[in-house]
$ cat protein20.cif   # mmCIF, C-alpha atoms
data_upload
loop_
_atom_site.label_atom_id
_atom_site.label_comp_id
_atom_site.auth_asym_id
_atom_site.auth_seq_id
_atom_site.Cartn_x
_atom_site.Cartn_y
_atom_site.Cartn_z
CA MET A 1 0.00 0.00 0.00
CA ARG A 2 1.18 3.46 -0.73
CA THR A 3 1.31 5.72 2.27
CA SER A 4 0.14 9.22 1.73
CA VAL A 5 1.57 12.25 3.48
CA THR A 6 -0.97 14.31 5.21
CA PRO A 7 -0.89 18.09 5.04
CA LYS A 8 0.16 18.22 8.71
CA ARG A 9 3.20 16.10 8.05
CA ARG A 10 4.05 18.17 5.00
CA GLN A 11 3.79 21.31 7.06
CA GLY A 12 5.94 19.82 9.79
CA ALA A 13 8.60 18.77 7.29
CA ALA A 14 8.49 22.20 5.75
CA LEU A 15 8.96 23.76 9.14
CA LYS A 16 11.87 21.50 10.09
CA THR A 17 13.98 21.70 6.92
CA PRO A 18 14.67 25.48 6.89
CA HIS A 19 16.52 25.34 10.24
CA LYS A 20 19.78 23.96 8.71
CA ALA A 21 19.83 26.20 5.64
CA PRO A 22 20.00 29.56 7.52
CA LYS A 23 23.12 28.43 9.47
CA LYS A 24 25.09 28.00 6.27
CA SER A 25 23.75 31.18 4.71
CA LEU A 26 24.50 33.23 7.84
CA LYS A 27 28.03 31.88 7.99
CA ARG A 28 28.56 32.68 4.33
CA ALA A 29 27.16 36.18 4.84
CA ALA A 30 29.45 36.76 7.81
CA ASP A 31 32.46 35.57 5.80
CA ASP A 32 31.53 37.93 2.98
CA ALA A 33 30.90 40.84 5.34
CA ALA A 34 34.29 40.53 7.10
CA PRO A 35 36.46 41.53 4.12
CA ARG A 36 33.95 44.19 3.16
CA GLY A 37 34.25 45.70 6.66
CA ALA A 38 38.06 45.60 6.61
CA LYS A 39 38.07 47.13 3.15
CA SER A 40 35.74 49.92 4.23
CA GLN A 41 37.93 50.63 7.27
CA GLN A 42 41.03 50.73 5.06
CA THR A 43 39.28 53.07 2.64
CA LEU A 44 38.20 55.31 5.52
CA PHE A 45 41.77 55.44 6.89
CA SER A 46 43.27 56.25 3.49
CA SER A 47 40.71 58.99 2.89
CA ARG A 48 41.46 60.50 6.29
CA LEU A 49 45.18 60.33 5.57
CA ARG A 50 44.70 62.10 2.23
CA ALA A 51 42.57 64.77 3.90
CA TRP A 52 45.24 65.22 6.60
CA GLY A 53 47.93 65.65 3.93
CA ARG A 54 45.81 68.11 1.96
CA HIS A 55 45.19 70.19 5.06
CA HIS A 56 48.91 70.25 5.91
CA ARG A 57 49.79 71.39 2.39
CA SER A 58 47.06 73.99 2.48
CA MET A 59 48.19 75.36 5.86
CA ALA A 60 51.85 75.44 4.79
CA TRP A 61 51.00 77.39 1.64
CA ASP A 62 48.59 79.71 3.46
CA SER A 63 51.15 80.53 6.18
CA PHE A 64 53.79 81.21 3.52
CA GLN A 65 51.44 83.57 1.70
CA ARG A 66 50.73 85.43 4.95
CA LEU A 67 54.48 85.96 5.43
CA VAL A 68 54.91 87.23 1.88
CA ARG A 69 52.01 89.59 2.37
CA TYR A 70 54.00 91.59 4.97
CA PRO A 71 57.60 91.24 3.77
CA LEU A 72 59.33 94.02 5.72
CA GLY A 73 58.22 93.09 9.22
CA ASN A 74 58.74 89.37 8.65
CA LEU A 75 62.16 90.02 7.11
CA LEU A 76 63.21 91.91 10.24
CA THR A 77 62.09 88.96 12.38
CA MET A 78 64.09 86.55 10.22
CA LEU A 79 67.10 88.86 10.38
CA ALA A 80 66.96 88.85 14.19
CA ILE A 81 66.89 85.03 14.10
CA ALA A 82 69.82 85.02 11.64
CA ILE A 83 71.97 87.26 13.87
CA ALA A 84 71.24 85.00 16.84
CA LEU A 85 72.40 82.00 14.79
CA VAL A 86 75.47 83.60 13.19
CA LEU A 87 77.37 84.28 16.41
CA PRO A 88 77.54 80.68 17.77
CA ALA A 89 78.04 79.32 14.23
CA ALA A 90 81.00 81.67 13.67
CA LEU A 91 82.52 80.64 17.00
CA TRP A 92 82.04 76.99 16.07
CA LEU A 93 83.89 77.58 12.80
CA THR A 94 86.71 79.29 14.69
CA LEU A 95 86.99 76.31 17.02
CA ASP A 96 87.01 74.00 14.02
CA SER A 97 90.00 75.84 12.60
CA ALA A 98 91.68 75.64 16.02
CA ARG A 99 91.02 71.89 16.03
CA LEU A 100 92.79 71.56 12.68
CA LEU A 101 95.69 73.60 14.05
CA ASP A 102 95.77 71.36 17.12
CA ALA A 103 96.01 68.28 14.87
CA GLU A 104 98.96 69.84 13.04
CA LEU A 105 100.66 70.65 16.34
CA ASP A 106 100.08 67.10 17.54
CA GLU A 107 102.04 65.88 14.52
CA SER A 108 104.86 68.27 15.41
CA ALA A 109 104.98 67.18 19.07
CA THR A 110 108.34 65.47 19.49
CA LEU A 111 110.95 64.53 22.06
CA THR A 112 114.60 65.51 21.67
CA VAL A 113 117.15 63.04 23.00
CA TYR A 114 120.59 64.62 23.64
CA LEU A 115 123.46 62.16 23.71
CA ALA A 116 126.64 62.49 25.73
CA LEU A 117 129.42 64.57 24.21
CA SER A 118 131.72 61.55 24.11
CA THR A 119 129.29 59.58 21.91
CA ASP A 120 130.55 58.90 18.38
CA ASP A 121 128.47 58.30 15.23
CA ALA A 122 128.46 54.48 15.54
CA GLN A 123 127.21 54.61 19.12
CA ALA A 124 124.60 57.20 18.12
CA ARG A 125 123.24 54.88 15.41
CA ARG A 126 122.99 51.99 17.91
CA ILE A 127 121.11 54.22 20.34
CA GLU A 128 118.76 55.26 17.52
CA GLU A 129 118.06 51.59 16.73
CA ALA A 130 117.29 50.96 20.39
CA ILE A 131 114.90 53.92 20.43
CA ASN A 132 113.17 52.68 17.26
CA ALA A 133 112.61 49.34 19.00
CA GLU A 134 110.27 51.05 21.46
CA GLN A 135 106.59 50.29 20.69
CA SER A 136 105.41 53.84 21.37
CA VAL A 137 107.86 55.39 18.85
CA LEU A 138 106.77 56.11 15.29
CA ASP A 139 110.07 57.26 13.78
CA THR A 140 113.31 59.00 14.65
CA GLN A 141 115.72 61.45 13.04
CA LEU A 142 119.42 61.51 13.89
CA ILE A 143 120.97 65.00 13.90
CA SER A 144 124.73 65.16 14.02
CA ALA A 145 126.64 67.81 15.91
CA ASP A 146 127.60 69.60 12.69
CA GLN A 147 123.98 69.63 11.48
CA GLY A 148 122.86 70.98 14.82
CA MET A 149 125.44 73.76 14.71
CA ALA A 150 124.45 74.72 11.15
CA THR A 151 120.76 74.90 12.11
CA PHE A 152 121.63 76.90 15.22
CA GLN A 153 123.69 79.41 13.25
CA GLN A 154 121.00 79.81 10.59
CA SER A 155 118.18 80.33 13.08
CA LEU A 156 120.06 82.93 15.14
CA GLY A 157 122.03 84.56 12.33
CA LEU A 158 125.33 84.22 14.20
CA GLU A 159 127.46 82.57 11.50
CA ASP A 160 130.39 84.96 11.94
CA ALA A 161 130.31 84.96 15.73
CA LEU A 162 130.23 81.15 16.06
CA ALA A 163 132.74 80.53 13.30
CA GLY A 164 135.63 81.28 15.69
CA LEU A 165 134.82 78.40 18.07
CA GLU A 166 137.61 75.83 18.33
CA SER A 167 135.25 72.86 18.80
CA ASN A 168 131.57 72.15 18.39
CA PRO A 169 129.89 72.32 21.82
CA LEU A 170 126.64 70.76 20.62
CA PRO A 171 126.00 67.04 21.17
CA ILE A 172 124.49 64.55 18.77
CA SER A 173 120.70 64.56 19.14
CA ILE A 174 117.84 62.30 18.10
CA VAL A 175 114.37 63.71 17.39
CA VAL A 176 111.72 61.17 18.36
CA ARG A 177 108.13 61.33 17.11
CA PRO A 178 105.90 59.38 19.51
CA GLU A 179 102.84 57.38 18.56
CA SER A 180 100.66 59.11 21.14
CA VAL A 181 100.89 62.77 22.19
CA ALA A 182 99.09 62.24 25.48
CA PRO A 183 101.13 63.92 28.24
CA GLU A 184 101.26 60.80 30.43
CA THR A 185 102.39 58.56 27.56
CA MET A 186 105.06 60.99 26.43
CA GLN A 187 106.37 61.39 29.95
CA GLN A 188 106.68 57.62 30.34
CA LEU A 189 108.50 57.41 27.01
CA ALA A 190 110.88 60.19 28.08
CA ASP A 191 111.68 58.38 31.33
CA SER A 192 112.40 55.11 29.49
CA LEU A 193 114.62 56.85 26.92
CA GLU A 194 116.55 58.72 29.58
CA ALA A 195 117.51 55.38 31.15
CA LEU A 196 119.32 54.24 27.97
CA SER A 197 123.09 54.11 28.04
CA GLY A 198 124.74 57.09 26.32
CA VAL A 199 121.70 59.39 26.72
CA ASP A 200 122.49 62.58 28.57
CA GLU A 201 119.10 64.33 28.57
CA VAL A 202 115.60 64.02 27.09
CA ARG A 203 113.87 67.32 26.44
CA LEU A 204 110.07 67.28 26.57
CA ASP A 205 108.01 70.45 26.33
CA LEU A 206 104.24 69.99 26.23
CA ALA A 207 103.22 73.17 28.00
CA TRP A 208 102.14 74.90 24.77
CA VAL A 209 100.12 71.84 23.70
CA GLU A 210 98.32 71.78 27.04
CA ARG A 211 97.58 75.51 26.85
CA LEU A 212 96.15 75.14 23.36
CA ARG A 213 93.93 72.23 24.40
CA ASN A 214 92.72 74.08 27.48
CA LEU A 215 91.85 77.08 25.32
CA ALA A 216 90.04 74.81 22.86
CA GLU A 217 88.03 73.21 25.67
CA LEU A 218 87.16 76.65 27.04
CA GLY A 219 86.07 77.75 23.56
CA ARG A 220 83.85 74.70 23.15
CA ARG A 221 82.08 75.39 26.43
CA VAL A 222 81.65 79.05 25.55
CA ALA A 223 80.23 78.03 22.15
CA LEU A 224 77.73 75.67 23.80
CA ALA A 225 76.68 78.36 26.28
CA LEU A 226 76.24 80.93 23.51
CA ALA A 227 74.32 78.44 21.38
CA ALA A 228 71.93 77.77 24.29
CA LEU A 229 71.47 81.48 25.04
CA PHE A 230 70.93 82.50 21.43
CA GLY A 231 68.67 79.49 20.89
CA LEU A 232 66.54 80.77 23.77
CA GLY A 233 66.58 84.17 22.07
CA VAL A 234 65.26 82.60 18.85
CA LEU A 235 62.45 80.94 20.83
CA LEU A 236 61.52 84.29 22.37
CA VAL A 237 61.57 86.15 19.05
CA VAL A 238 59.42 83.55 17.27
CA GLY A 239 57.16 83.11 20.28
CA ASN A 240 56.45 86.84 20.54
CA THR A 241 55.76 87.10 16.80
CA ILE A 242 53.39 84.12 16.86
CA ARG A 243 51.66 85.49 19.96
CA LEU A 244 50.82 88.67 18.08
CA ALA A 245 49.54 86.60 15.16
CA VAL A 246 47.30 84.56 17.49
CA GLU A 247 45.88 87.71 19.06
CA SER A 248 45.17 89.22 15.64
CA ARG A 249 43.19 86.09 14.65
CA ARG A 250 41.49 85.55 17.99
CA ARG A 251 37.93 85.98 16.63
CA GLU A 252 38.64 83.54 13.82
CA ILE A 253 40.01 80.99 16.29
CA GLU A 254 36.95 81.32 18.54
CA VAL A 255 34.59 80.73 15.62
CA VAL A 256 36.53 77.69 14.44
CA MET A 257 36.60 76.23 17.95
CA LEU A 258 32.84 76.78 18.28
CA ILE A 259 32.18 74.45 15.34
CA GLY A 260 34.37 71.72 16.86
CA ALA A 261 37.93 72.38 15.73
CA THR A 262 40.59 70.78 17.93
CA HIS A 263 43.65 72.53 19.32
CA ALA A 264 45.85 70.59 16.90
CA PHE A 265 43.79 71.91 13.97
CA VAL A 266 44.06 75.50 15.23
CA ARG A 267 47.78 75.19 16.00
CA ARG A 268 48.76 73.89 12.56
CA PRO A 269 48.99 77.16 10.55
CA PHE A 270 50.92 78.90 13.33
CA LEU A 271 53.37 76.01 13.56
CA TYR A 272 54.05 76.31 9.85
CA SER A 273 54.54 80.07 10.27
CA GLY A 274 57.15 79.42 12.97
CA ALA A 275 58.88 76.87 10.74
CA TRP A 276 58.97 79.39 7.86
CA TYR A 277 60.50 81.98 10.20
CA GLY A 278 63.16 79.42 11.15
CA VAL A 279 63.89 78.52 7.52
CA GLY A 280 64.21 82.17 6.53
CA GLY A 281 66.44 82.95 9.51
CA GLY A 282 68.66 79.95 8.72
CA LEU A 283 69.05 80.97 5.08
CA LEU A 284 69.92 84.53 6.07
CA ALA A 285 72.45 83.18 8.61
CA LEU A 286 74.14 81.12 5.89
CA GLY A 287 74.28 84.20 3.67
CA LEU A 288 75.79 86.33 6.46
CA LEU A 289 78.41 83.67 7.20
CA GLY A 290 79.36 83.52 3.51
CA LEU A 291 79.66 87.32 3.28
CA GLY A 292 81.74 87.45 6.45
CA ASN A 293 84.05 84.76 5.12
CA GLN A 294 84.57 86.66 1.87
CA TRP A 295 85.18 89.91 3.74
CA LEU A 296 87.79 88.46 6.15
CA SER A 297 89.50 85.91 3.92
CA MET A 298 91.94 88.35 2.27
CA PRO A 299 93.21 90.03 5.49
CA VAL A 300 93.60 86.65 7.20
CA ALA A 301 95.52 85.23 4.22
CA ALA A 302 97.78 88.30 4.15
CA LEU A 303 98.45 87.99 7.90
CA ALA A 304 99.32 84.30 7.57
CA ALA A 305 101.58 85.04 4.59
CA SER A 306 103.51 87.61 6.64
CA TYR A 307 104.45 84.79 9.02
CA GLY A 308 105.38 82.48 6.16
CA ALA A 309 102.31 80.28 6.53
CA SER A 310 99.15 79.64 4.56
CA PHE A 311 95.77 79.76 6.29
CA SER A 312 92.21 80.11 5.03
CA LEU A 313 89.06 80.66 7.02
CA PRO A 314 86.90 77.53 7.30
CA GLN A 315 83.48 77.47 5.69
CA LEU A 316 80.32 75.54 6.42
CA ASP A 317 80.09 72.44 4.28
CA VAL A 318 76.87 70.71 3.22
CA THR A 319 76.58 68.86 6.52
CA GLY A 320 77.12 72.00 8.60
CA SER A 321 74.66 74.02 6.50
CA THR A 322 72.05 71.27 6.84
CA ILE A 323 72.54 71.16 10.63
CA LEU A 324 72.24 74.95 10.92
CA LEU A 325 69.11 75.05 8.75
CA SER A 326 67.53 72.13 10.61
CA CYS A 327 68.24 73.71 14.01
CA SER A 328 66.77 77.06 12.93
CA THR A 329 63.63 75.38 11.56
CA LEU A 330 63.22 73.31 14.72
CA LEU A 331 63.67 76.37 16.95
CA GLY A 332 61.09 78.30 14.94
CA TRP A 333 58.60 75.43 15.14
CA LEU A 334 59.20 74.96 18.88
CA GLY A 335 58.82 78.67 19.62
CA ALA A 336 55.53 78.74 17.70
CA TRP A 337 54.27 75.61 19.48
CA LEU A 338 55.02 77.06 22.93
CA ALA A 339 53.36 80.39 22.12
CA VAL A 340 50.23 78.89 20.52
CA THR A 341 49.76 76.24 23.20
CA ARG A 342 49.99 78.85 25.94
CA HIS A 343 47.48 81.20 24.31
CA LEU A 344 45.02 78.54 23.21
CA SER A 345 44.56 77.51 26.82
CA SER A 346 43.31 81.03 27.59
CA ILE A 347 40.88 81.26 24.65
CA ARG A 348 37.33 80.32 25.58
CA PRO A 349 34.86 80.54 22.68
CA ARG A 350 31.61 82.29 23.62
#
$ encode --input "protein20.cif" --output "structure tokens"
Amino acid sequence: MRTSVTPKRRQGAALKTPHKAPKKSLKRAADDAAPRGAKSQQTLFSSRLRAWGRHHRSMAWDSFQRLVRYPLGNLLTMLAIAIALVLPAALWLTLDSARLLDAELDESATLTVYLALSTDDAQARRIEEAINAEQSVLDTQLISADQGMATFQQSLGLEDALAGLESNPLPISIVVRPESVAPETMQQLADSLEALSGVDEVRLDLAWVERLRNLAELGRRVALALAALFGLGVLLVVGNTIRLAVESRRREIEVVMLIGATHAFVRRPFLYSGAWYGVGGGLLALGLLGLGNQWLSMPVAALAASYGASFSLPQLDVTGSTILLSCSTLLGWLGAWLAVTRHLSSIRPR
């Protein structure tokens, strides 16, 4: 017999079967919705990033146009920043030239070993070989008694007066160039050389080297102190200028804050103005340093030539110019940030 399905059973089967199908469809819908949600979030982030970049470009260009609109007053502000930057930069260049001079003097720092008067040439050569065997000695130069007398006569201009001497009173000497010019190392080397047989005296004079290094250290500290003081002056100059700009746009700031603008949004154009002040001051400082170098180079070269030497004033290279320009821009931005942050805290939109 064929069994027939009653309408109730059909209805029950129809009610039972849909329960499994929605689980699969919901899972598939969730899987499809996940990448769509991530994609929408990524699109939202990229659009916000593009808007942020557009606003930065717009504020940078707008702040630049505001500076160009009043060239004389802004140029005076940049000139004040440039003067504050030129003084420590010029001192730093002077110290750099002193450092180069110190390196040349380090190369000329030597010890003079005077041998006994009874030492002959063969003994002098053996003593020189023993000195060269020392680890802290770079090279040596043997100066005979006749060579020493000739140099002495030429340096003092006493050829006729010393020509009547019956014998040469000068001993054989050895000029020693040490590996290290540290005072302690050179003193130890002098003590060890003085203990050699046939050595009468070791002459070591490092007083002038120590004085030069002490002066260089003093100059470095003075340069750092001046850089800190003039850097504070740049902050004050930029901060005062930005404060006046904030006060002149106070109504505009209140309106913008009333419609929901954040402090970062309001600060942005003023920060770019401070950075432009720093860039302009840095460029003017580089120009002043170049003009000063051209103005002083000829007298300095003539002075060095009168002493039989050649010397040229150092100039800022690409690295130094980049450092100076970066520091001036950073100081301008920081001065603007301090001024705007302080004044925004006192602005209450009504």
$ resolve_selection --input "protein20.cif" --expression "the PyMOL selection byres ((chain A and resi 238) around 12)" --output "mmCIF file with C-alpha atoms, in the coordinates of the input"
data_model
loop_
_atom_site.group_PDB
_atom_site.id
_atom_site.type_symbol
_atom_site.label_atom_id
_atom_site.label_comp_id
_atom_site.auth_asym_id
_atom_site.auth_seq_id
_atom_site.Cartn_x
_atom_site.Cartn_y
_atom_site.Cartn_z
ATOM 1 C CA ASN A 74 58.740 89.370 8.650
ATOM 2 C CA LEU A 76 63.210 91.910 10.240
ATOM 3 C CA THR A 77 62.090 88.960 12.380
ATOM 4 C CA MET A 78 64.090 86.550 10.220
ATOM 5 C CA LEU A 79 67.100 88.860 10.380
ATOM 6 C CA ALA A 80 66.960 88.850 14.190
ATOM 7 C CA ILE A 81 66.890 85.030 14.100
ATOM 8 C CA ALA A 82 69.820 85.020 11.640
ATOM 9 C CA ALA A 84 71.240 85.000 16.840
ATOM 10 C CA GLY A 231 68.670 79.490 20.890
ATOM 11 C CA LEU A 232 66.540 80.770 23.770
ATOM 12 C CA GLY A 233 66.580 84.170 22.070
ATOM 13 C CA VAL A 234 65.260 82.600 18.850
ATOM 14 C CA LEU A 235 62.450 80.940 20.830
ATOM 15 C CA LEU A 236 61.520 84.290 22.370
ATOM 16 C CA VAL A 237 61.570 86.150 19.050
ATOM 17 C CA GLY A 239 57.160 83.110 20.280
ATOM 18 C CA ASN A 240 56.450 86.840 20.540
ATOM 19 C CA THR A 241 55.760 87.100 16.800
ATOM 20 C CA ILE A 242 53.390 84.120 16.860
ATOM 21 C CA ARG A 243 51.660 85.490 19.960
ATOM 22 C CA LEU A 244 50.820 88.670 18.080
ATOM 23 C CA ALA A 245 49.540 86.600 15.160
ATOM 24 C CA PHE A 270 50.920 78.900 13.330
ATOM 25 C CA LEU A 271 53.370 76.010 13.560
ATOM 26 C CA TYR A 272 54.050 76.310 9.850
ATOM 27 C CA SER A 273 54.540 80.070 10.270
ATOM 28 C CA GLY A 274 57.150 79.420 12.970
ATOM 29 C CA ALA A 275 58.880 76.870 10.740
ATOM 30 C CA TRP A 276 58.970 79.390 7.860
ATOM 31 C CA TYR A 277 60.500 81.980 10.200
ATOM 32 C CA GLY A 278 63.160 79.420 11.150
ATOM 33 C CA VAL A 279 63.890 78.520 7.520
ATOM 34 C CA GLY A 280 64.210 82.170 6.530
ATOM 35 C CA GLY A 281 66.440 82.950 9.510
ATOM 36 C CA SER A 328 66.770 77.060 12.930
ATOM 37 C CA THR A 329 63.630 75.380 11.560
ATOM 38 C CA LEU A 330 63.220 73.310 14.720
ATOM 39 C CA LEU A 331 63.670 76.370 16.950
ATOM 40 C CA GLY A 332 61.090 78.300 14.940
ATOM 41 C CA TRP A 333 58.600 75.430 15.140
ATOM 42 C CA LEU A 334 59.200 74.960 18.880
ATOM 43 C CA GLY A 335 58.820 78.670 19.620
ATOM 44 C CA ALA A 336 55.530 78.740 17.700
ATOM 45 C CA TRP A 337 54.270 75.610 19.480
ATOM 46 C CA LEU A 338 55.020 77.060 22.930
ATOM 47 C CA ALA A 339 53.360 80.390 22.120
ATOM 48 C CA VAL A 340 50.230 78.890 20.520
#
$ closest_residue --input "protein20.cif" --among "A:Asn293, A:Thr319, A:Thr185, A:Thr110" --to "Val86 (chain A)" --atoms "all atoms listed in the file"
A:Asn293
$ atom_distance --input "protein20.cif" --atom1 "CA of Thr112 (chain A)" --atom2 "CA of Glu201 (chain A)"
8.3 Å
$ closest_residue --input "protein20.cif" --among "A:Leu325, A:Arg249, A:Thr341, A:Ser297" --to "Thr262 (chain A)" --atoms "only C-alpha atoms"
A:Thr341
$ residues_near_point --input "protein20.cif" --point "(77.5, 76.0, 18.2)" --cutoff "6 Å" --atoms "all atoms listed in the file" --output "PDB file with C-alpha atoms, keeping the file's coordinate frame"
ATOM      1  CA  PRO A  88      77.540  80.680  17.770  1.00  0.00           C
ATOM      2  CA  ALA A  89      78.040  79.320  14.230  1.00  0.00           C
ATOM      3  CA  TRP A  92      82.040  76.990  16.070  1.00  0.00           C
ATOM      4  CA  ALA A 223      80.230  78.030  22.150  1.00  0.00           C
ATOM      5  CA  LEU A 224      77.730  75.670  23.800  1.00  0.00           C
ATOM      6  CA  ALA A 227      74.320  78.440  21.380  1.00  0.00           C
TER       7      ALA A 227
END
$ resolve_selection --input "protein20.cif" --expression "the PyMOL selection byres ((chain A and resi 130-136) around 6)" --output "VMD selection string"
chain A and resid 127 to 129 137 178 to 179
$ resolve_selection --input "protein20.cif" --expression "the PyMOL selection byres ((chain A and resi 141) around 8)" --output "count of residues only"
7
$ residues_around --input "protein20.cif" --residues "Leu115 (chain A)" --least-positions-apart "3" --cutoff "9 Å" --atoms "all atoms listed in the file" --output "NGL selection string"
:A and (118-119 or 124 or 127 or 171-174 or 198-202)
$ atom_distance --input "protein20.cif" --atom1 "CA of Ser321 (chain A)" --atom2 "CA of Phe230 (chain A)"
17.6 Å
$ atom_distance --input "protein20.cif" --atom1 "CA of Asp146 (chain A)" --atom2 "CA of Ser197 (chain A)"
22.3 Å
$ residues_around --input "protein20.cif" --residues "Leu296 (chain A)" --least-positions-apart "3" --cutoff "12 Å" --atoms "only C-alpha atoms" --output "VMD selection string"
chain A and resid 289 to 293 299 to 303 311 to 315
$ closest_residue --input "protein20.cif" --among "A:Val255, A:Ala195, A:Leu93, A:Leu170" --to "Asp317 (chain A)" --atoms "all atoms listed in the file"
A:Leu93
$ closest_residue --input "protein20.cif" --among "A:Leu288, A:Leu344, A:Ala90, A:Met59" --to "His263 (chain A)" --atoms "all atoms listed in the file"
A:Leu344
